[in-house]
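Trainee: So that you have it, the file is work-v4.cif, and it contains mmCIF, C-alpha atoms and all ligand atoms:
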```
data_data
loop_
_atom_site.label_atom_id
_atom_site.label_comp_id
_atom_site.auth_asym_id
_atom_site.auth_seq_id
_atom_site.Cartn_x
_atom_site.Cartn_y
_atom_site.Cartn_z
CA MET A 1 24.66 -30.52 -16.71
CA ASN A 2 21.50 -29.48 -14.88
CA SER A 3 19.36 -26.61 -16.14
CA THR A 4 20.75 -24.10 -13.60
CA THR A 5 24.34 -24.85 -14.62
CA LEU A 6 23.38 -24.49 -18.26
CA ARG A 7 21.75 -21.12 -17.66
CA VAL A 8 24.75 -19.81 -15.68
CA SER A 9 27.23 -20.84 -18.33
CA GLN A 10 25.08 -19.20 -21.01
CA ALA A 11 25.03 -16.00 -18.96
CA SER A 12 28.84 -15.93 -18.86
CA SER A 13 28.71 -14.87 -22.50
CA LEU A 14 27.20 -11.50 -21.44
CA PRO A 15 27.34 -8.45 -22.00
CA ARG A 16 24.41 -8.92 -24.35
CA PRO A 17 22.86 -12.12 -25.57
CA LYS A 18 23.14 -12.31 -29.31
CA GLY A 19 20.28 -10.33 -30.71
CA PHE A 20 19.62 -8.14 -27.64
CA LEU A 21 19.40 -4.88 -29.54
CA SER A 22 17.21 -2.71 -27.37
CA HIS A 23 18.75 0.54 -26.21
CA ASP A 24 15.94 1.63 -23.88
CA LEU A 25 13.01 0.21 -21.93
CA VAL A 26 10.31 2.83 -22.39
CA SER A 27 7.66 0.30 -23.35
CA ILE A 28 7.49 -3.49 -23.41
CA ARG A 29 7.18 -2.85 -27.18
CA ASP A 30 10.87 -1.82 -27.17
CA LEU A 31 11.74 -5.48 -26.64
CA ALA A 32 11.33 -8.16 -29.28
CA PRO A 33 9.58 -11.28 -27.93
CA ARG A 34 12.96 -13.04 -27.76
CA GLU A 35 14.33 -10.13 -25.71
CA VAL A 36 11.48 -10.39 -23.21
CA GLU A 37 12.41 -14.05 -22.77
CA ALA A 38 16.08 -13.05 -22.43
CA VAL A 39 15.21 -10.69 -19.57
CA LEU A 40 13.38 -13.50 -17.73
CA GLU A 41 16.20 -15.98 -18.39
CA LEU A 42 18.86 -13.62 -17.06
CA THR A 43 16.65 -12.75 -14.09
CA ALA A 44 16.64 -16.41 -13.08
CA VAL A 45 20.44 -16.48 -13.18
CA VAL A 46 20.85 -13.21 -11.30
CA LYS A 47 18.39 -14.31 -8.63
CA ALA A 48 20.02 -17.72 -8.20
CA ARG A 49 23.62 -16.44 -8.21
CA PRO A 50 23.69 -12.80 -7.05
CA GLY A 51 27.31 -13.10 -5.91
CA ASN A 52 28.43 -13.73 -9.48
CA PHE A 53 27.34 -10.21 -10.45
CA ARG A 54 28.76 -8.24 -7.51
CA ALA A 55 31.05 -6.09 -9.68
CA ALA A 56 29.20 -6.46 -12.99
CA LEU A 57 28.33 -2.75 -13.12
CA ALA A 58 31.31 -1.42 -11.15
CA GLY A 59 31.96 2.17 -12.18
CA LYS A 60 28.45 2.58 -13.66
CA GLN A 61 26.08 5.26 -12.41
CA LEU A 62 22.29 5.43 -12.51
CA VAL A 63 20.11 8.48 -11.96
CA MET A 64 16.40 8.41 -11.12
CA PHE A 65 13.99 11.33 -11.56
CA PHE A 66 10.58 10.58 -10.03
CA GLU A 67 7.61 12.92 -10.51
CA LYS A 68 5.45 10.57 -8.37
CA PRO A 69 5.98 8.75 -5.04
CA SER A 70 7.50 5.28 -4.88
CA LEU A 71 8.52 2.62 -2.37
CA ARG A 72 9.27 -0.47 -4.43
CA THR A 73 10.59 1.00 -7.66
CA ARG A 74 13.02 3.43 -6.08
CA LEU A 75 14.40 0.96 -3.55
CA THR A 76 14.66 -1.98 -5.93
CA PHE A 77 16.65 0.13 -8.39
CA GLU A 78 18.86 1.41 -5.57
CA SER A 79 19.45 -1.99 -3.96
CA GLY A 80 19.77 -3.71 -7.34
CA MET A 81 22.32 -1.23 -8.63
CA ALA A 82 24.32 -1.44 -5.38
CA SER A 83 24.39 -5.24 -5.54
CA LEU A 84 25.80 -5.03 -9.07
CA GLY A 85 28.64 -2.76 -7.89
CA GLY A 86 27.20 0.43 -9.36
CA VAL A 87 25.88 3.56 -7.72
CA SER A 88 22.56 5.39 -8.02
CA PHE A 89 21.33 8.91 -7.41
CA PHE A 90 17.71 9.82 -6.67
CA VAL A 91 16.19 13.16 -7.63
CA ASP A 92 12.84 13.96 -6.01
CA GLN A 93 10.93 15.48 -8.91
CA THR A 94 7.53 15.47 -7.19
CA HIS A 95 7.44 19.28 -6.80
CA SER A 96 7.46 20.04 -10.55
CA ARG A 97 7.45 18.27 -13.90
CA LEU A 98 10.85 17.22 -15.19
CA ASP A 99 10.85 19.71 -18.07
CA ALA A 100 9.50 22.68 -16.04
CA ARG A 101 12.89 24.32 -15.47
CA GLU A 102 14.68 23.56 -18.73
CA LYS A 103 14.20 21.81 -22.03
CA LEU A 104 14.13 18.03 -21.79
CA SER A 105 16.79 17.68 -24.49
CA ASP A 106 19.12 19.95 -22.50
CA ILE A 107 18.64 17.75 -19.43
CA ALA A 108 19.34 14.66 -21.57
CA HIS A 109 22.57 16.14 -22.96
CA ASN A 110 23.75 16.99 -19.44
CA LEU A 111 22.93 13.59 -17.99
CA GLU A 112 24.63 11.64 -20.77
CA ARG A 113 27.92 13.37 -19.86
CA TRP A 114 27.74 12.25 -16.20
CA VAL A 115 25.91 8.95 -15.80
CA ASN A 116 25.27 5.69 -17.66
CA VAL A 117 21.51 5.15 -17.38
CA ILE A 118 18.42 7.27 -16.68
CA VAL A 119 15.35 5.93 -14.84
CA LEU A 120 12.17 8.03 -15.04
CA ARG A 121 8.79 7.95 -13.26
CA THR A 122 6.58 10.54 -14.93
CA PHE A 123 3.02 11.62 -15.50
CA SER A 124 3.40 11.91 -19.26
CA HIS A 125 4.63 8.91 -21.23
CA VAL A 126 5.89 11.35 -23.87
CA THR A 127 8.45 12.65 -21.35
CA VAL A 128 10.04 9.19 -21.16
CA GLU A 129 9.89 8.77 -24.95
CA GLN A 130 11.50 12.17 -25.55
CA MET A 131 14.25 11.53 -23.01
CA ALA A 132 15.01 8.24 -24.75
CA GLU A 133 15.12 10.00 -28.12
CA CYS A 134 17.45 12.72 -26.87
CA ALA A 135 19.80 10.88 -24.52
CA GLY A 136 22.67 8.83 -25.85
CA ILE A 137 22.42 6.54 -22.81
CA PRO A 138 19.69 4.00 -21.97
CA VAL A 139 16.41 5.25 -20.51
CA ILE A 140 14.16 3.03 -18.39
CA ASN A 141 10.47 3.72 -17.74
CA ALA A 142 9.83 3.31 -14.01
CA LEU A 143 6.08 4.03 -14.55
CA SER A 144 4.32 6.52 -16.74
CA GLU A 145 0.61 7.11 -17.30
CA LEU A 146 0.77 4.55 -20.14
CA GLU A 147 3.06 1.75 -18.99
CA HIS A 148 4.92 0.09 -16.14
CA PRO A 149 7.23 -2.31 -18.00
CA CYS A 150 9.52 -3.28 -15.09
CA GLN A 151 6.45 -4.31 -13.11
CA ALA A 152 5.03 -6.54 -15.84
CA LEU A 153 8.38 -8.25 -16.41
CA ALA A 154 8.65 -8.97 -12.68
CA ASP A 155 5.06 -10.25 -12.67
CA TYR A 156 5.63 -12.64 -15.55
CA PHE A 157 8.88 -13.78 -13.96
CA THR A 158 6.88 -14.52 -10.79
CA LEU A 159 4.33 -16.52 -12.80
CA GLN A 160 7.12 -18.44 -14.51
CA GLU A 161 8.66 -19.30 -11.12
CA LYS A 162 5.33 -20.57 -9.83
CA PHE A 163 3.96 -22.36 -12.89
CA GLY A 164 6.82 -22.97 -15.34
CA ASP A 165 5.89 -22.68 -19.01
CA LEU A 166 4.09 -19.34 -19.43
CA LYS A 167 2.38 -20.57 -22.59
CA ASN A 168 0.10 -22.62 -20.33
CA VAL A 169 -0.63 -19.86 -17.81
CA ARG A 170 -4.01 -18.11 -17.81
CA LEU A 171 -3.90 -14.71 -16.13
CA ALA A 172 -7.07 -12.76 -15.27
CA TYR A 173 -6.69 -9.00 -14.77
CA VAL A 174 -9.69 -7.38 -13.09
CA GLY A 175 -10.20 -3.62 -12.62
CA ASP A 176 -8.77 -0.53 -14.28
CA GLY A 177 -7.30 -0.80 -17.80
CA ASN A 178 -4.29 1.26 -16.70
CA ASN A 179 -0.51 1.43 -17.08
CA VAL A 180 -0.02 -1.90 -15.31
CA ALA A 181 -2.67 -3.61 -17.46
CA HIS A 182 -1.01 -2.19 -20.59
CA SER A 183 2.42 -3.58 -19.79
CA LEU A 184 0.91 -6.90 -18.71
CA VAL A 185 -1.00 -7.40 -21.97
CA LEU A 186 2.11 -6.52 -24.01
CA ALA A 187 4.31 -8.86 -21.96
CA CYS A 188 1.68 -11.59 -22.25
CA ALA A 189 1.67 -11.12 -26.02
CA SER A 190 5.47 -11.32 -26.27
CA LEU A 191 5.61 -14.44 -24.11
CA GLY A 192 2.83 -16.28 -25.97
CA SER A 193 0.78 -16.50 -22.79
CA SER A 194 -2.93 -16.00 -22.11
CA ILE A 195 -4.71 -13.03 -20.50
CA ARG A 196 -8.32 -12.01 -19.88
CA ILE A 197 -8.83 -8.38 -18.91
CA ALA A 198 -12.16 -7.39 -17.34
CA THR A 199 -12.86 -3.68 -16.93
CA PRO A 200 -15.95 -1.47 -16.64
CA ALA A 201 -17.08 0.26 -19.85
CA GLY A 202 -14.95 3.33 -20.48
CA TYR A 203 -12.04 2.01 -18.39
CA GLY A 204 -10.64 -0.58 -20.79
CA PRO A 205 -7.03 -0.66 -21.92
CA ASP A 206 -5.81 1.78 -24.58
CA ALA A 207 -6.86 0.67 -28.08
CA HIS A 208 -3.38 1.22 -29.58
CA ILE A 209 -1.76 -0.92 -26.89
CA VAL A 210 -4.31 -3.69 -27.45
CA ALA A 211 -3.82 -3.51 -31.23
CA ASP A 212 -0.04 -3.79 -30.80
CA ALA A 213 -0.46 -6.67 -28.35
CA ARG A 214 -2.74 -8.51 -30.79
CA GLU A 215 -0.20 -8.03 -33.58
CA ILE A 216 2.59 -9.49 -31.42
CA ALA A 217 0.19 -12.29 -30.42
CA ARG A 218 -0.21 -13.28 -34.08
CA GLU A 219 3.51 -14.10 -34.05
CA THR A 220 3.69 -15.77 -30.62
CA GLY A 221 0.30 -17.47 -30.35
CA ALA A 222 -0.72 -15.48 -27.26
CA ASN A 223 -4.39 -15.33 -26.33
CA ILE A 224 -5.86 -11.93 -25.40
CA GLU A 225 -9.49 -11.39 -24.38
CA LEU A 226 -11.14 -8.14 -23.28
CA LEU A 227 -14.26 -8.57 -21.19
CA ARG A 228 -16.69 -6.64 -18.99
CA ASP A 229 -17.59 -9.43 -16.57
CA PRO A 230 -15.00 -10.08 -13.82
CA HIS A 231 -16.58 -13.48 -13.09
CA GLU A 232 -16.11 -14.62 -16.68
CA ALA A 233 -12.51 -13.35 -16.62
CA VAL A 234 -11.44 -15.32 -13.54
CA GLN A 235 -13.17 -18.64 -14.42
CA GLY A 236 -10.45 -21.31 -14.08
CA ALA A 237 -7.63 -18.72 -14.10
CA ASP A 238 -4.18 -19.63 -12.75
CA ALA A 239 -3.71 -16.13 -11.34
CA VAL A 240 -5.96 -13.17 -10.59
CA TYR A 241 -4.37 -9.72 -10.78
CA THR A 242 -5.73 -6.36 -9.77
CA ASP A 243 -4.37 -2.85 -9.27
CA THR A 244 -5.65 0.28 -7.57
CA TRP A 245 -8.82 1.77 -9.03
CA VAL A 246 -7.25 5.22 -8.61
CA SER A 247 -3.81 5.61 -10.14
CA MET A 248 -1.44 8.40 -9.11
CA GLY A 249 -2.65 11.63 -10.67
CA HIS A 250 -6.33 10.55 -10.65
CA GLU A 251 -6.97 11.12 -6.92
CA HIS A 252 -9.74 13.62 -7.71
CA GLU A 253 -11.74 10.74 -9.30
CA SER A 254 -11.62 8.55 -6.17
CA GLU A 255 -15.26 8.81 -5.17
CA GLN A 256 -16.63 8.35 -8.68
CA ARG A 257 -14.35 5.38 -9.34
CA ALA A 258 -15.29 3.66 -6.06
CA GLY A 259 -18.84 3.32 -7.41
CA ILE A 260 -17.88 2.35 -10.95
CA PHE A 261 -15.43 -0.36 -9.87
CA ALA A 262 -17.35 -1.80 -6.89
CA ASP A 263 -18.25 -5.01 -8.74
CA TYR A 264 -14.58 -5.55 -9.67
CA GLN A 265 -13.32 -6.10 -6.13
CA VAL A 266 -11.15 -9.20 -5.78
CA ASN A 267 -12.62 -10.90 -2.72
CA GLU A 268 -12.84 -14.51 -1.55
CA ALA A 269 -15.98 -15.16 -3.60
CA LEU A 270 -14.29 -14.02 -6.82
CA MET A 271 -11.09 -15.94 -6.05
CA ALA A 272 -13.20 -19.08 -5.52
CA GLU A 273 -14.17 -18.93 -9.21
CA ALA A 274 -10.52 -19.16 -10.30
CA ALA A 275 -8.59 -22.44 -10.30
CA ALA A 276 -8.08 -23.97 -6.84
CA HIS A 277 -4.33 -23.36 -7.18
CA ALA A 278 -4.78 -19.74 -8.35
CA LEU A 279 -2.44 -17.02 -7.15
CA PHE A 280 -3.46 -13.49 -6.25
CA LEU A 281 -1.22 -10.78 -7.74
CA HIS A 282 -1.06 -7.01 -7.16
CA CYS A 283 1.71 -4.56 -8.07
CA LEU A 284 1.19 -2.66 -4.78
CA PRO A 285 0.49 -0.27 -3.18
CA ALA A 286 -2.95 -1.77 -2.50
CA CYS A 287 -6.06 0.04 -1.32
CA ARG A 288 -7.27 -2.68 1.03
CA GLY A 289 -11.04 -2.88 1.18
CA LYS A 290 -11.36 -1.37 -2.30
CA GLU A 291 -9.87 -3.41 -5.19
CA VAL A 292 -8.88 -6.26 -2.85
CA THR A 293 -9.98 -7.47 0.56
CA ASP A 294 -7.61 -8.21 3.43
CA ALA A 295 -8.71 -11.85 3.32
CA VAL A 296 -7.37 -12.21 -0.24
CA ILE A 297 -4.19 -10.15 -0.10
CA ASP A 298 -3.19 -11.77 3.22
CA SER A 299 -4.10 -15.30 2.08
CA GLN A 300 -1.83 -18.20 1.19
CA GLN A 301 -2.73 -17.57 -2.44
CA SER A 302 -1.22 -14.09 -2.40
CA ALA A 303 2.14 -13.71 -4.15
CA VAL A 304 2.37 -9.92 -3.82
CA PHE A 305 5.64 -9.92 -1.90
CA ASP A 306 7.21 -12.36 -4.35
CA GLN A 307 6.32 -9.88 -7.07
CA ALA A 308 7.87 -7.06 -5.04
CA GLU A 309 11.06 -9.07 -4.46
CA ASN A 310 11.27 -9.95 -8.13
CA ARG A 311 11.17 -6.29 -9.11
CA MET A 312 14.76 -6.11 -7.89
CA HIS A 313 15.97 -9.25 -9.68
CA VAL A 314 14.28 -8.30 -12.96
CA GLN A 315 15.63 -4.76 -12.87
CA LYS A 316 19.15 -6.08 -12.25
CA ALA A 317 18.77 -8.19 -15.38
CA ILE A 318 17.45 -5.20 -17.35
CA LEU A 319 20.39 -3.05 -16.21
CA LEU A 320 22.86 -5.79 -17.15
CA LEU A 321 21.32 -6.19 -20.59
CA LEU A 322 21.14 -2.45 -21.30
CA LEU A 323 24.53 -1.57 -19.80
CA GLY A 324 26.40 -4.67 -20.86
CA GLY A 325 27.56 -5.96 -17.48
CA GLY A 326 28.97 -9.48 -17.20
CA MET A 327 29.46 -11.97 -14.41
CA THR A 328 32.56 -11.57 -12.28
CA HIS A 329 32.76 -15.02 -10.68
CA PRO A 330 31.09 -17.48 -13.04
CA ALA A 331 32.52 -20.47 -11.16
CA ARG A 332 31.22 -19.52 -7.70
CA ARG A 333 27.91 -21.15 -6.91
CA SER A 334 27.20 -20.50 -3.22
CA ASP A 335 26.65 -16.75 -2.99
CA HIS A 336 23.62 -15.20 -1.41
CA ALA A 337 22.14 -11.77 -1.87
N1 LIG A 401 4.64 -1.31 -7.76
C1 LIG A 401 5.28 -0.15 -7.71
O1 LIG A 401 5.76 0.39 -8.71
O2 LIG A 401 5.41 0.35 -6.45
P1 LIG A 401 5.93 1.81 -6.08
O3 LIG A 401 4.92 2.79 -6.59
O4 LIG A 401 6.05 1.81 -4.58
O5 LIG A 401 7.26 2.04 -6.74
N1 LIG A 402 -1.57 2.08 -11.59
C1 LIG A 402 -0.82 2.52 -10.43
C2 LIG A 402 0.40 1.69 -10.27
C3 LIG A 402 1.24 2.02 -9.05
C4 LIG A 402 2.45 1.18 -8.94
C5 LIG A 402 -0.47 3.99 -10.58
O1 LIG A 402 -0.12 4.41 -11.69
O2 LIG A 402 -0.56 4.73 -9.60
#
```
Starting from the file, lay out its structure as structure tokens.
Mentor:
Amino acid sequence: MNSTTLRVSQASSLPRPKGFLSHDLVSIRDLAPREVEAVLELTAVVKARPGNFRAALAGKQLVMFFEKPSLRTRLTFESGMASLGGVSFFVDQTHSRLDAREKLSDIAHNLERWVNVIVLRTFSHVTVEQMAECAGIPVINALSELEHPCQALADYFTLQEKFGDLKNVRLAYVGDGNNVAHSLVLACASLGSSIRIATPAGYGPDAHIVADAREIARETGANIELLRDPHEAVQGADAVYTDTWVSMGHEHESEQRAGIFADYQVNEALMAEAAAHALFLHCLPACRGKEVTDAVIDSQQSAVFDQAENRMHVQKAILLLLLGGGMTHPARRSDHA
């Protein structure tokens, strides 16, 4: 039995792998290290055999409320849910905060009567936490000010595809210590991998997130380093990751941040200090000419569209694990997306 066959036959025991206890994905911290691995394992199966999951979530309904714009997250949830046989509804919440018209708990108690899963993109992380507390159905964080868990899981899946054992992968994150950096450091910790984060003073990752990541790392053997110098961070790295210097909601800081982050641009000179085989990663959307140059993001080293593709596969796995969907045709092996 080759490894793919083994993985597929293990997945036929879904709905949930033994021990997958998480009800929500508000933070990477909602998942035990073993559950983070389970998401990546199921993602590999779902990506390799999409046809086996065509009706896995038949009859299930997903609703998205987004307070901020989105290309990738919205469409990967919509296409992912459709390819699992479920349906999704999108509510444009960009005109007002989710709880502006009525109490969040009242919204939660309505939604739980109609749909099976809630996906939120919000300014405040507390909004996602409160929805998860109030709703009797799973809640998924599709980006808050504090975290972007679906992104980090897709990113680590991408690294696993490219390099294999994540315990030997050295990721360098250069730029703003933001929501993406937070979920990356937590995912790194859970997976026992290695990350160096280089940020300007005052723009480092949240101290509570780092403390939690270090605690998880004590269990998994992960290596986490916080630095100021982007050159030190990328030395010999297997992958160099950056994100926008100006996250959604911080547009008024654009000019100030352009000066503060200028030395953190990922350009060809910085990439040359990483390993020769190093990948360039970015969650997108990118501000070309700011945090990354065209020459880097358009280079052979760039894996940004693999990351974007993997958002869909990872989110399908997350939906299956949270909603308990199983394979419909475990024996079929030749389906394509
Ligand atoms: N990476 C990401 O979340 O992209 P969107 O903002 O387009 O959803
Ligand atoms: N840090 C960025 C990520 C966008 C996907 C933001 O929050 O705008």
Trainee: Which is closest to A:Ile137 among A:His282, A:Arg228, A:Arg113, A:Arg214, if we use only C-alpha atoms?
Mentor: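 Between A:His282, A:Arg228, A:Arg113, A:Arg214, the residue approaching A:Ile137 most closely is A:Arg113.
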Trainee: Taking only C-alpha atoms and all ligand atoms and a cut-off of 10 Å, can you tell me which residues surround ligand LIG 402 (chain A), written as a PDB file with C-alpha atoms, keeping the file's coordinate frame?
Mentor:
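Result file out_38.pdb:
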```
ATOM      1  CA  LYS A  68       5.450  10.570  -8.370  1.00  0.00           C
ATOM      2  CA  PRO A  69       5.980   8.750  -5.040  1.00  0.00           C
ATOM      3  CA  SER A  70       7.500   5.280  -4.880  1.00  0.00           C
ATOM      4  CA  LEU A  71       8.520   2.620  -2.370  1.00  0.00           C
ATOM      5  CA  ARG A  72       9.270  -0.470  -4.430  1.00  0.00           C
ATOM      6  CA  THR A  73      10.590   1.000  -7.660  1.00  0.00           C
ATOM      7  CA  ARG A 121       8.790   7.950 -13.260  1.00  0.00           C
ATOM      8  CA  THR A 122       6.580  10.540 -14.930  1.00  0.00           C
ATOM      9  CA  PHE A 123       3.020  11.620 -15.500  1.00  0.00           C
ATOM     10  CA  ALA A 142       9.830   3.310 -14.010  1.00  0.00           C
ATOM     11  CA  LEU A 143       6.080   4.030 -14.550  1.00  0.00           C
ATOM     12  CA  SER A 144       4.320   6.520 -16.740  1.00  0.00           C
ATOM     13  CA  GLU A 145       0.610   7.110 -17.300  1.00  0.00           C
ATOM     14  CA  LEU A 146       0.770   4.550 -20.140  1.00  0.00           C
ATOM     15  CA  GLU A 147       3.060   1.750 -18.990  1.00  0.00           C
ATOM     16  CA  HIS A 148       4.920   0.090 -16.140  1.00  0.00           C
ATOM     17  CA  GLN A 151       6.450  -4.310 -13.110  1.00  0.00           C
ATOM     18  CA  ASP A 176      -8.770  -0.530 -14.280  1.00  0.00           C
ATOM     19  CA  GLY A 177      -7.300  -0.800 -17.800  1.00  0.00           C
ATOM     20  CA  ASN A 178      -4.290   1.260 -16.700  1.00  0.00           C
ATOM     21  CA  ASN A 179      -0.510   1.430 -17.080  1.00  0.00           C
ATOM     22  CA  VAL A 180      -0.020  -1.900 -15.310  1.00  0.00           C
ATOM     23  CA  ALA A 181      -2.670  -3.610 -17.460  1.00  0.00           C
ATOM     24  CA  HIS A 182      -1.010  -2.190 -20.590  1.00  0.00           C
ATOM     25  CA  THR A 242      -5.730  -6.360  -9.770  1.00  0.00           C
ATOM     26  CA  ASP A 243      -4.370  -2.850  -9.270  1.00  0.00           C
ATOM     27  CA  THR A 244      -5.650   0.280  -7.570  1.00  0.00           C
ATOM     28  CA  TRP A 245      -8.820   1.770  -9.030  1.00  0.00           C
ATOM     29  CA  VAL A 246      -7.250   5.220  -8.610  1.00  0.00           C
ATOM     30  CA  SER A 247      -3.810   5.610 -10.140  1.00  0.00           C
ATOM     31  CA  MET A 248      -1.440   8.400  -9.110  1.00  0.00           C
ATOM     32  CA  GLY A 249      -2.650  11.630 -10.670  1.00  0.00           C
ATOM     33  CA  HIS A 250      -6.330  10.550 -10.650  1.00  0.00           C
ATOM     34  CA  GLU A 251      -6.970  11.120  -6.920  1.00  0.00           C
ATOM     35  CA  HIS A 282      -1.060  -7.010  -7.160  1.00  0.00           C
ATOM     36  CA  CYS A 283       1.710  -4.560  -8.070  1.00  0.00           C
ATOM     37  CA  LEU A 284       1.190  -2.660  -4.780  1.00  0.00           C
ATOM     38  CA  PRO A 285       0.490  -0.270  -3.180  1.00  0.00           C
ATOM     39  CA  ALA A 286      -2.950  -1.770  -2.500  1.00  0.00           C
TER      40      ALA A 286
END
```
Trainee: Please compute the atom CA of A:Gln61-atom CA of A:Val87 distance, one decimal, in Å.
Mentor: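 Separating atom CA of A:Gln61 from atom CA of A:Val87 is a distance of 5.0 Å.
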Trainee: What is the atom CA of A:Ala295 to atom CA of A:Tyr241 distance in Å?
Mentor: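 Separation between atom CA of A:Ala295 and atom CA of A:Tyr241: 14.9 Å.
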Trainee: Return the single residue from A:Thr127, A:Ser190, A:Gln160, A:Gln307 that is closest to ligand LIG 401 (chain A), with distances computed using all atoms listed in the file.
Mentor: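 Under the stated criterion, the closest residue is A:Gln307.
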